[in-house]
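The next block is protein37.cif, given as mmCIF, C-alpha atoms.
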data_model
#
loop_
_atom_site.label_atom_id
_atom_site.label_comp_id
_atom_site.auth_asym_id
_atom_site.auth_seq_id
_atom_site.Cartn_x
_atom_site.Cartn_y
_atom_site.Cartn_z
CA MET A 225 113.36 61.43 65.29
CA LYS A 226 117.03 62.27 65.48
CA LYS A 227 116.66 64.62 62.56
CA LEU A 228 113.84 66.44 64.31
CA HIS A 229 116.04 66.93 67.34
CA LYS A 230 118.75 68.37 65.18
CA THR A 231 116.35 70.75 63.48
CA THR A 232 115.02 71.88 66.83
CA SER A 233 118.45 72.58 68.26
CA VAL A 234 119.44 74.48 65.14
CA LEU A 235 116.24 76.51 65.50
CA VAL A 236 116.88 77.22 69.18
CA ALA A 237 120.43 78.27 68.44
CA GLY A 238 119.17 80.52 65.67
CA VAL A 239 116.61 82.21 67.87
CA ALA A 240 119.18 82.69 70.62
CA ALA A 241 121.65 84.16 68.17
CA ALA A 242 118.98 86.49 66.80
CA LEU A 243 118.19 87.64 70.34
CA PHE A 244 121.83 88.35 71.09
CA ALA A 245 122.27 90.08 67.78
CA THR A 246 119.51 92.58 68.51
CA GLY A 247 121.34 93.33 71.76
CA ALA A 248 119.39 96.26 73.07
CA GLN A 249 116.09 94.47 72.77
CA ALA A 250 117.21 91.30 74.53
CA PHE A 251 115.46 92.14 77.74
CA ASP A 252 111.99 91.88 79.17
CA GLU A 253 110.86 95.47 79.53
CA ALA A 254 107.76 94.70 81.55
CA ALA A 255 109.74 92.64 84.06
CA ALA A 256 112.39 95.37 84.29
CA LYS A 257 109.80 98.07 84.92
CA ASP A 258 108.10 95.90 87.53
CA LEU A 259 111.35 95.31 89.42
CA MET A 260 111.97 99.04 89.31
CA LYS A 261 108.53 99.69 90.69
CA GLN A 262 108.73 97.08 93.46
CA ASN A 263 112.06 98.56 94.58
CA LYS A 264 110.78 102.13 94.33
CA CYS A 265 113.82 103.24 92.31
CA THR A 266 111.98 106.31 91.04
CA GLN A 267 111.87 107.80 94.50
CA CYS A 268 115.48 108.86 93.99
CA HIS A 269 115.94 108.51 90.20
CA GLY A 270 113.56 110.14 87.74
CA MET A 271 113.28 108.63 84.26
CA ASP A 272 114.68 111.83 82.76
CA LYS A 273 114.76 114.09 85.77
CA ASP A 274 117.54 114.18 88.38
CA LYS A 275 116.34 113.78 91.96
CA ASP A 276 118.55 112.67 94.87
CA GLY A 277 120.27 110.51 92.30
CA PRO A 278 120.86 111.01 88.58
CA SER A 279 118.10 110.28 86.07
CA PHE A 280 118.06 106.91 84.34
CA LYS A 281 118.63 108.62 81.00
CA LYS A 282 121.81 110.19 82.38
CA ILE A 283 122.97 106.83 83.75
CA ALA A 284 122.30 105.20 80.39
CA GLY A 285 124.26 107.95 78.65
CA LYS A 286 127.21 107.41 80.94
CA PHE A 287 127.38 103.63 80.66
CA LYS A 288 125.97 102.83 77.22
CA GLY A 289 128.32 101.08 74.85
CA LYS A 290 130.96 100.33 77.47
CA ALA A 291 132.07 96.75 77.79
CA ASP A 292 131.90 96.47 81.56
CA SER A 293 128.76 98.55 82.07
CA GLU A 294 126.61 95.59 83.07
CA SER A 295 129.00 94.25 85.68
CA LYS A 296 129.66 97.74 87.06
CA LEU A 297 125.98 98.47 87.45
CA LEU A 298 125.36 95.02 88.88
CA THR A 299 127.91 95.69 91.62
CA HIS A 300 126.32 99.07 92.16
CA LEU A 301 122.87 97.57 92.64
CA THR A 302 123.77 94.55 94.72
CA THR A 303 126.51 95.63 97.13
CA ALA A 304 125.23 98.89 98.64
CA PRO A 305 128.22 101.11 97.73
CA LYS A 306 128.47 104.65 99.08
CA VAL A 307 126.91 107.11 96.69
CA LYS A 308 126.91 110.88 96.63
CA LEU A 309 123.45 112.43 96.66
CA SER A 310 122.57 115.64 94.84
CA ASP A 311 122.70 117.58 98.13
CA GLY A 312 126.33 116.53 98.64
CA SER A 313 125.69 114.00 101.39
CA GLU A 314 126.91 110.42 101.15
CA GLU A 315 124.82 107.36 101.65
CA GLU A 316 124.69 103.65 100.91
CA HIS A 317 122.78 102.83 97.75
CA LYS A 318 119.82 100.54 98.29
CA ILE A 319 120.30 96.88 97.42
CA VAL A 320 117.81 95.83 94.76
CA LYS A 321 115.57 93.12 96.13
CA THR A 322 114.25 90.39 93.89
CA SER A 323 111.83 87.55 94.32
CA PRO A 324 113.23 84.89 94.67
CA ALA A 325 116.00 86.61 96.60
CA LYS A 326 119.32 87.52 94.96
CA ASP A 327 118.27 86.59 91.45
CA GLU A 328 121.01 88.29 89.41
CA ALA A 329 119.28 87.56 86.12
CA GLN A 330 116.41 89.86 87.11
CA VAL A 331 118.79 92.66 88.06
CA LYS A 332 120.75 92.22 84.83
CA ASN A 333 117.54 92.38 82.87
CA MET A 334 116.70 95.69 84.54
CA ILE A 335 120.21 96.99 83.83
CA GLN A 336 119.74 96.23 80.14
CA TYR A 337 116.48 98.15 80.21
CA ILE A 338 118.12 101.16 81.90
CA LEU A 339 120.96 101.07 79.37
CA SER A 340 118.42 101.16 76.54
CA LEU A 341 116.93 104.44 77.73
CA MET B 935 46.66 85.00 122.70
CA PRO B 936 50.09 84.13 124.14
CA ARG B 937 49.75 86.23 127.24
CA ARG B 938 46.45 84.69 128.17
CA ALA B 939 47.80 81.19 127.59
CA GLY B 940 50.78 81.94 129.82
CA HIS B 941 48.51 83.36 132.46
CA GLN B 942 46.39 80.26 132.52
CA LYS B 943 49.45 78.09 132.82
CA ARG B 944 50.79 80.11 135.70
CA LEU B 945 47.55 79.95 137.61
CA GLY B 946 46.47 76.44 136.97
CA GLY B 947 49.85 74.82 136.40
CA GLU B 948 48.24 72.68 133.75
CA MET B 949 50.03 71.74 130.60
CA ASN B 950 48.63 73.54 127.67
CA GLN B 951 46.82 71.20 125.43
CA ASP B 952 46.49 73.43 122.40
CA ASN B 953 49.13 73.54 119.69
CA GLN B 954 51.43 76.12 121.08
CA GLY B 955 54.75 76.33 119.30
CA ALA B 956 57.88 75.37 121.23
CA LEU B 957 59.27 78.81 120.62
CA ARG B 958 56.27 80.51 122.05
CA ARG B 959 56.40 78.30 125.16
CA CYS B 960 60.08 79.12 125.65
CA TRP B 961 59.39 82.81 125.35
CA GLY B 962 56.58 82.45 127.90
CA ALA B 963 58.93 80.72 130.34
CA LEU B 964 61.56 83.40 129.89
CA ARG B 965 59.12 86.19 130.59
CA ARG B 966 57.71 84.62 133.76
CA PRO B 967 59.35 85.72 137.03
CA SER B 968 61.20 82.93 138.78
CA VAL B 969 59.49 81.46 141.82
CA LYS B 970 62.19 78.92 142.52
CA TYR B 971 65.49 80.85 142.46
CA SER B 972 66.40 83.92 144.42
CA LEU B 973 67.35 87.09 142.66
CA LEU B 974 70.91 86.69 144.04
CA THR B 975 71.26 83.19 142.54
CA LEU B 976 70.07 84.47 139.20
CA LEU B 977 72.41 87.46 139.33
CA VAL B 978 75.44 85.35 140.28
CA ALA B 979 74.65 82.74 137.64
CA GLY B 980 74.16 85.54 135.10
CA PHE B 981 77.42 87.18 136.10
CA PHE B 982 79.48 84.04 135.63
CA SER B 983 77.82 82.94 132.45
CA GLY B 984 78.43 86.49 131.23
CA ILE B 985 82.15 86.10 131.88
CA LEU B 986 82.15 82.74 130.16
CA PHE B 987 80.30 84.10 127.14
CA TRP B 988 82.46 87.19 126.87
CA GLY B 989 85.68 85.24 127.34
CA GLY B 990 84.59 82.69 124.77
CA PHE B 991 83.61 85.38 122.30
CA ASN B 992 86.89 87.23 122.62
CA THR B 993 88.95 84.03 122.50
CA ALA B 994 87.21 83.03 119.28
CA MET B 995 87.76 86.50 117.85
CA GLU B 996 91.42 86.46 118.81
CA ALA B 997 91.78 83.09 117.12
CA THR B 998 90.81 84.76 113.85
CA ASN B 999 93.71 87.18 114.40
CA THR B 1000 96.44 84.56 114.16
CA MET B 1001 98.60 84.07 111.09
CA GLU B 1002 97.64 80.39 111.03
CA PHE B 1003 94.02 81.39 110.62
CA CYS B 1004 94.81 83.82 107.79
CA ILE B 1005 96.86 81.33 105.82
CA GLY B 1006 94.26 78.65 106.41
CA CYS B 1007 92.89 79.78 103.05
CA HIS B 1008 94.97 79.23 99.91
CA GLU B 1009 94.04 82.71 98.65
CA MET B 1010 96.23 84.22 101.36
CA ARG B 1011 98.77 81.41 101.68
CA ASP B 1012 99.71 81.25 97.99
CA ASN B 1013 99.72 84.96 97.23
CA VAL B 1014 100.23 87.65 99.85
CA TYR B 1015 101.78 85.34 102.46
CA VAL B 1016 104.53 84.20 100.08
CA GLU B 1017 105.40 87.81 99.31
CA TYR B 1018 105.28 88.90 102.93
CA LYS B 1019 107.73 86.13 103.89
CA GLU B 1020 110.46 87.90 101.91
CA THR B 1021 109.98 91.23 103.66
CA ILE B 1022 111.35 92.84 106.78
CA HIS B 1023 108.09 92.52 108.68
CA TYR B 1024 108.50 88.73 108.56
CA LYS B 1025 112.23 88.36 109.14
CA ASN B 1026 114.73 90.92 110.39
CA ARG B 1027 117.88 91.36 112.46
CA SER B 1028 116.11 91.94 115.79
CA GLY B 1029 113.57 89.13 115.48
CA VAL B 1030 110.40 91.15 115.87
CA ARG B 1031 107.62 89.93 113.64
CA ALA B 1032 104.45 91.70 112.61
CA VAL B 1033 101.82 89.15 111.58
CA CYS B 1034 98.87 89.82 109.25
CA SER B 1035 96.54 91.15 111.92
CA ASP B 1036 99.14 93.52 113.34
CA CYS B 1037 98.80 95.61 110.19
CA HIS B 1038 95.36 94.66 108.94
CA VAL B 1039 93.25 94.53 112.12
CA PRO B 1040 92.98 97.44 114.59
CA LYS B 1041 94.10 96.70 118.15
CA ASP B 1042 91.47 98.57 120.13
CA TRP B 1043 88.22 96.75 120.63
CA THR B 1044 85.75 99.11 118.94
CA HIS B 1045 87.68 99.44 115.70
CA LYS B 1046 88.54 95.77 115.81
CA ILE B 1047 84.93 94.65 116.00
CA ILE B 1048 83.99 97.03 113.18
CA ARG B 1049 86.76 95.57 111.02
CA LYS B 1050 85.72 92.04 111.94
CA ILE B 1051 82.15 92.72 110.92
CA LYS B 1052 83.33 94.19 107.63
CA ALA B 1053 85.46 91.08 107.16
CA SER B 1054 82.27 89.07 106.77
CA LYS B 1055 82.34 90.34 103.19
CA GLU B 1056 85.68 88.57 102.80
CA VAL B 1057 84.08 85.36 104.05
CA TRP B 1058 81.44 85.81 101.35
CA GLY B 1059 84.23 86.35 98.85
CA LYS B 1060 85.82 83.09 99.96
CA ILE B 1061 82.54 81.20 99.56
CA THR B 1062 81.89 82.62 96.09
CA GLY B 1063 85.54 82.22 95.05
CA VAL B 1064 86.21 85.79 93.93
CA ILE B 1065 90.00 85.36 94.14
CA ASP B 1066 90.37 81.59 94.14
CA THR B 1067 92.94 81.49 91.32
CA LYS B 1068 96.21 83.35 90.84
CA GLU B 1069 94.77 85.16 87.82
CA LYS B 1070 91.65 86.22 89.68
CA PHE B 1071 93.76 87.40 92.60
CA GLU B 1072 95.93 89.54 90.33
CA GLY B 1073 92.79 90.86 88.65
CA HIS B 1074 91.51 92.12 91.98
CA ARG B 1075 94.84 93.13 93.52
CA MET B 1076 94.62 96.83 92.69
CA GLU B 1077 91.07 97.07 94.00
CA MET B 1078 91.91 95.21 97.22
CA ALA B 1079 95.15 97.12 97.79
CA SER B 1080 93.45 100.45 97.18
CA ARG B 1081 90.77 99.59 99.71
CA GLU B 1082 93.39 98.77 102.31
CA TRP B 1083 95.46 101.88 101.53
CA GLU B 1084 92.32 103.97 101.90
CA ARG B 1085 91.53 102.32 105.24
CA MET B 1086 95.05 103.02 106.49
CA LYS B 1087 95.04 106.60 105.26
CA SER B 1088 91.72 107.34 106.91
CA SER B 1089 93.01 106.15 110.27
CA ASP B 1090 96.34 108.02 109.92
CA SER B 1091 98.10 104.66 109.53
CA ARG B 1092 96.99 103.66 113.03
CA GLU B 1093 98.22 100.08 112.72
CA CYS B 1094 101.72 101.19 111.59
CA ARG B 1095 101.83 103.56 114.52
CA ASN B 1096 101.17 100.79 117.00
CA CYS B 1097 104.91 100.18 116.60
CA HIS B 1098 106.34 103.09 114.60
CA ASN B 1099 106.54 106.68 115.70
CA PHE B 1100 108.13 109.75 114.09
CA ASP B 1101 109.40 110.84 117.52
CA ALA B 1102 111.10 107.51 118.14
CA MET B 1103 113.24 107.81 114.99
CA SER B 1104 116.88 108.38 115.84
CA GLU B 1105 118.72 110.92 113.77
CA GLU B 1106 121.97 109.07 114.43
CA LEU B 1107 120.72 105.59 113.67
CA GLN B 1108 118.41 106.24 110.74
CA ARG B 1109 120.02 106.86 107.37
CA LYS B 1110 120.16 110.53 106.43
CA THR B 1111 117.82 110.60 103.47
CA PRO B 1112 115.02 108.62 105.11
CA TYR B 1113 115.39 110.69 108.27
CA LYS B 1114 115.15 113.90 106.30
CA LYS B 1115 112.12 112.61 104.42
CA HIS B 1116 110.45 111.38 107.60
CA MET B 1117 110.85 114.75 109.32
CA ALA B 1118 109.54 116.54 106.24
CA ALA B 1119 106.58 114.15 106.12
CA LYS B 1120 105.87 114.77 109.80
CA ALA B 1121 105.92 118.55 109.25
CA GLU B 1122 103.60 118.22 106.26
CA GLY B 1123 101.21 116.00 108.22
CA LYS B 1124 101.72 113.05 105.91
CA THR B 1125 100.90 109.55 107.06
CA CYS B 1126 102.97 106.35 106.73
CA ILE B 1127 100.93 104.78 103.93
CA ASP B 1128 101.32 107.88 101.74
CA CYS B 1129 104.84 106.70 100.90
CA HIS B 1130 105.11 103.14 102.23
CA LYS B 1131 102.86 101.24 99.86
CA GLY B 1132 103.77 97.72 98.83
CA ILE B 1133 106.19 97.11 101.69
CA ALA B 1134 104.92 93.68 102.66
CA HIS B 1135 103.20 92.64 99.43
CA ARG B 1136 103.80 93.23 95.74
CA LEU B 1137 102.55 96.47 94.27
CA PRO B 1138 99.67 95.90 91.81
CA ALA B 1139 100.55 96.01 88.12
CA GLU B 1140 98.18 98.94 87.63
CA PHE B 1141 99.83 101.00 90.36
CA GLU B 1142 101.91 103.93 89.16
CA GLU B 1143 104.32 105.63 91.51
CA ASP B 1144 104.02 109.38 91.45
CA GLU B 1145 107.17 110.47 89.62
CA GLU B 1146 107.09 113.88 91.24
CA GLU B 1147 107.00 112.53 94.76
CA GLU B 1148 110.15 113.33 96.63
#

Could you express the structure from this file as structure tokens?
Amino acid sequence: MKKLHKTTSVLVAGVAAALFATGAQAFDEAAAKDLMKQNKCTQCHGMDKDKDGPSFKKIAGKFKGKADSESKLLTHLTTAPKVKLSDGSEEEHKIVKTSPAKDEAQVKNMIQYILSL
Amino acid sequence: MPRRAGHQKRLGGEMNQDNQGALRRCWGALRRPSVKYSLLTLLVAGFFSGILFWGGFNTAMEATNTMEFCIGCHEMRDNVYVEYKETIHYKNRSGVRAVCSDCHVPKDWTHKIIRKIKASKEVWGKITGVIDTKEKFEGHRMEMASREWERMKSSDSRECRNCHNFDAMSEELQRKTPYKKHMAAKAEGKTCIDCHKGIAHRLPAEFEEDEEEE
């Protein structure tokens, strides 16, 4: 029985390591897209077209590969910082709403998806 | 021969011995002019029972407009109600709440009664269990949401406008981008639901936001 436990934990660790190793793919794309949809992100950000805000592809290009990109974007999406719109005006960025409320894991998952674009 | 039977009864006052149905006898009694009560008594009695009936009818109908009634069924309580509880129409800084019927049932009587009659289909849906599981609910979400969006669009978002009004939006107090978009929407003759879908409930999985929409 003990041996089985050991094997299982080794397996779990292995799978987790594999997931981390693939990096870019360690997110749930469907969940990320759904959160994006529920928050209507595309009203201001096109996938590859700039609107009031920059396109997601542009954002990914700017942040990809940087060590603190996730935490920076997390702050951006959860604290309503002032952002400059394409017409030059300034406004508070919308706070991403999750269900249950303030679930950072969901926002992080979406950030990973955006970074993969 | 009902008329003849009634006639005989009126003249002779005898109980009919033949097998007349109870319904037929009732109908006969209703059609006979009263000999006992004055027209005034009948009118006054009719007037008050009319008030009672009408009051009762409206009270019962209003009871079906409460949130408690709506979430009396698990189909609403476990799905849309849970989602709505996280939105601004449930809880907000000023403490104004819009309950289910505020958005989903018209306020004026004519449109309300039409909606209530149409809602009998929803009662049938409850009986037959069309959306009695989470999976079934999600399976029908797009169809149900589309029906509601269509209803709102066709009435120029009448239920939203019971509280919201383009002219009541303050340029100073509303954020710039929404204000700009609202004024553009007003000029274009757009209606609330054109942009504000999925504000109190989750958007269906099949729903795709128009990427071009500004």

On this structure, the PyMOL selection byres ((chain A and resi 330) around 12) would catch which residues? List them as a PyMOL selection string, sorted by chain and number.
chain A and resi 251-260+298+301-302+320-329+331-337

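Put simply, the PyMOL selection byres ((chain B) within 10 of (chain A)) in this file takes in B:Val1016, B:Glu1017, B:Glu1020, B:Thr1021, B:Arg1109, B:Lys1110, B:Thr1111, B:Cys1129, B:His1130, B:Lys1131, B:Gly1132, B:Ile1133, B:His1135, B:Arg1136, B:Leu1137, B:Pro1138, B:Ala1139, B:Phe1141, B:Glu1142, B:Glu1143, B:Asp1144, B:Glu1145, B:Glu1146, B:Glu1147, B:Glu1148.
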
Find the spatial neighbours of stretch 992-997 of chain B, counting all atoms listed in the file, within a cut-off of 12 Å - ignore same-chain residues fewer than 3 positions away - and output them as a PyMOL selection string.
chain B and resi 985-989+1000-1004+1006+1035-1036+1039-1041+1043+1046-1047+1049-1051+1053

Could you take the residues named above and write them with C-alpha atoms, as an mmCIF file, in the frame of the given file?
data_model
loop_
_atom_site.group_PDB
_atom_site.id
_atom_site.type_symbol
_atom_site.label_atom_id
_atom_site.label_comp_id
_atom_site.auth_asym_id
_atom_site.auth_seq_id
_atom_site.Cartn_x
_atom_site.Cartn_y
_atom_site.Cartn_z
ATOM 1 C CA ILE B 985 82.150 86.100 131.880
ATOM 2 C CA LEU B 986 82.150 82.740 130.160
ATOM 3 C CA PHE B 987 80.300 84.100 127.140
ATOM 4 C CA TRP B 988 82.460 87.190 126.870
ATOM 5 C CA GLY B 989 85.680 85.240 127.340
ATOM 6 C CA THR B 1000 96.440 84.560 114.160
ATOM 7 C CA MET B 1001 98.600 84.070 111.090
ATOM 8 C CA GLU B 1002 97.640 80.390 111.030
ATOM 9 C CA PHE B 1003 94.020 81.390 110.620
ATOM 10 C CA CYS B 1004 94.810 83.820 107.790
ATOM 11 C CA GLY B 1006 94.260 78.650 106.410
ATOM 12 C CA SER B 1035 96.540 91.150 111.920
ATOM 13 C CA ASP B 1036 99.140 93.520 113.340
ATOM 14 C CA VAL B 1039 93.250 94.530 112.120
ATOM 15 C CA PRO B 1040 92.980 97.440 114.590
ATOM 16 C CA LYS B 1041 94.100 96.700 118.150
ATOM 17 C CA TRP B 1043 88.220 96.750 120.630
ATOM 18 C CA LYS B 1046 88.540 95.770 115.810
ATOM 19 C CA ILE B 1047 84.930 94.650 116.000
ATOM 20 C CA ARG B 1049 86.760 95.570 111.020
ATOM 21 C CA LYS B 1050 85.720 92.040 111.940
ATOM 22 C CA ILE B 1051 82.150 92.720 110.920
ATOM 23 C CA ALA B 1053 85.460 91.080 107.160
#

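Taking atom CA of A:Lys286 as the reference point, atom CA of A:Ala250 is found at 20.0 Å.
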
Between A:Lys318, A:Thr303, A:Ser279, A:Lys296, which residue has the minimum interatomic distance to A:Ile338, considering all atoms listed in the file?
A:Ser279

Provide an axis-aligned box for all listed atoms of stretch 269-279 of chain A, padding each side by 3 Å; report its centre and its edge lengths in Å to one decimal, as AutoDock Vina command-line options.
--center_x 117.1 --center_y 111.3 --center_z 88.8 --size_x 13.6 --size_y 11.7 --size_z 18.1

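From atom CA of B:Trp1083 back to atom CA of B:Lys1070, the distance works out to 20.0 Å.
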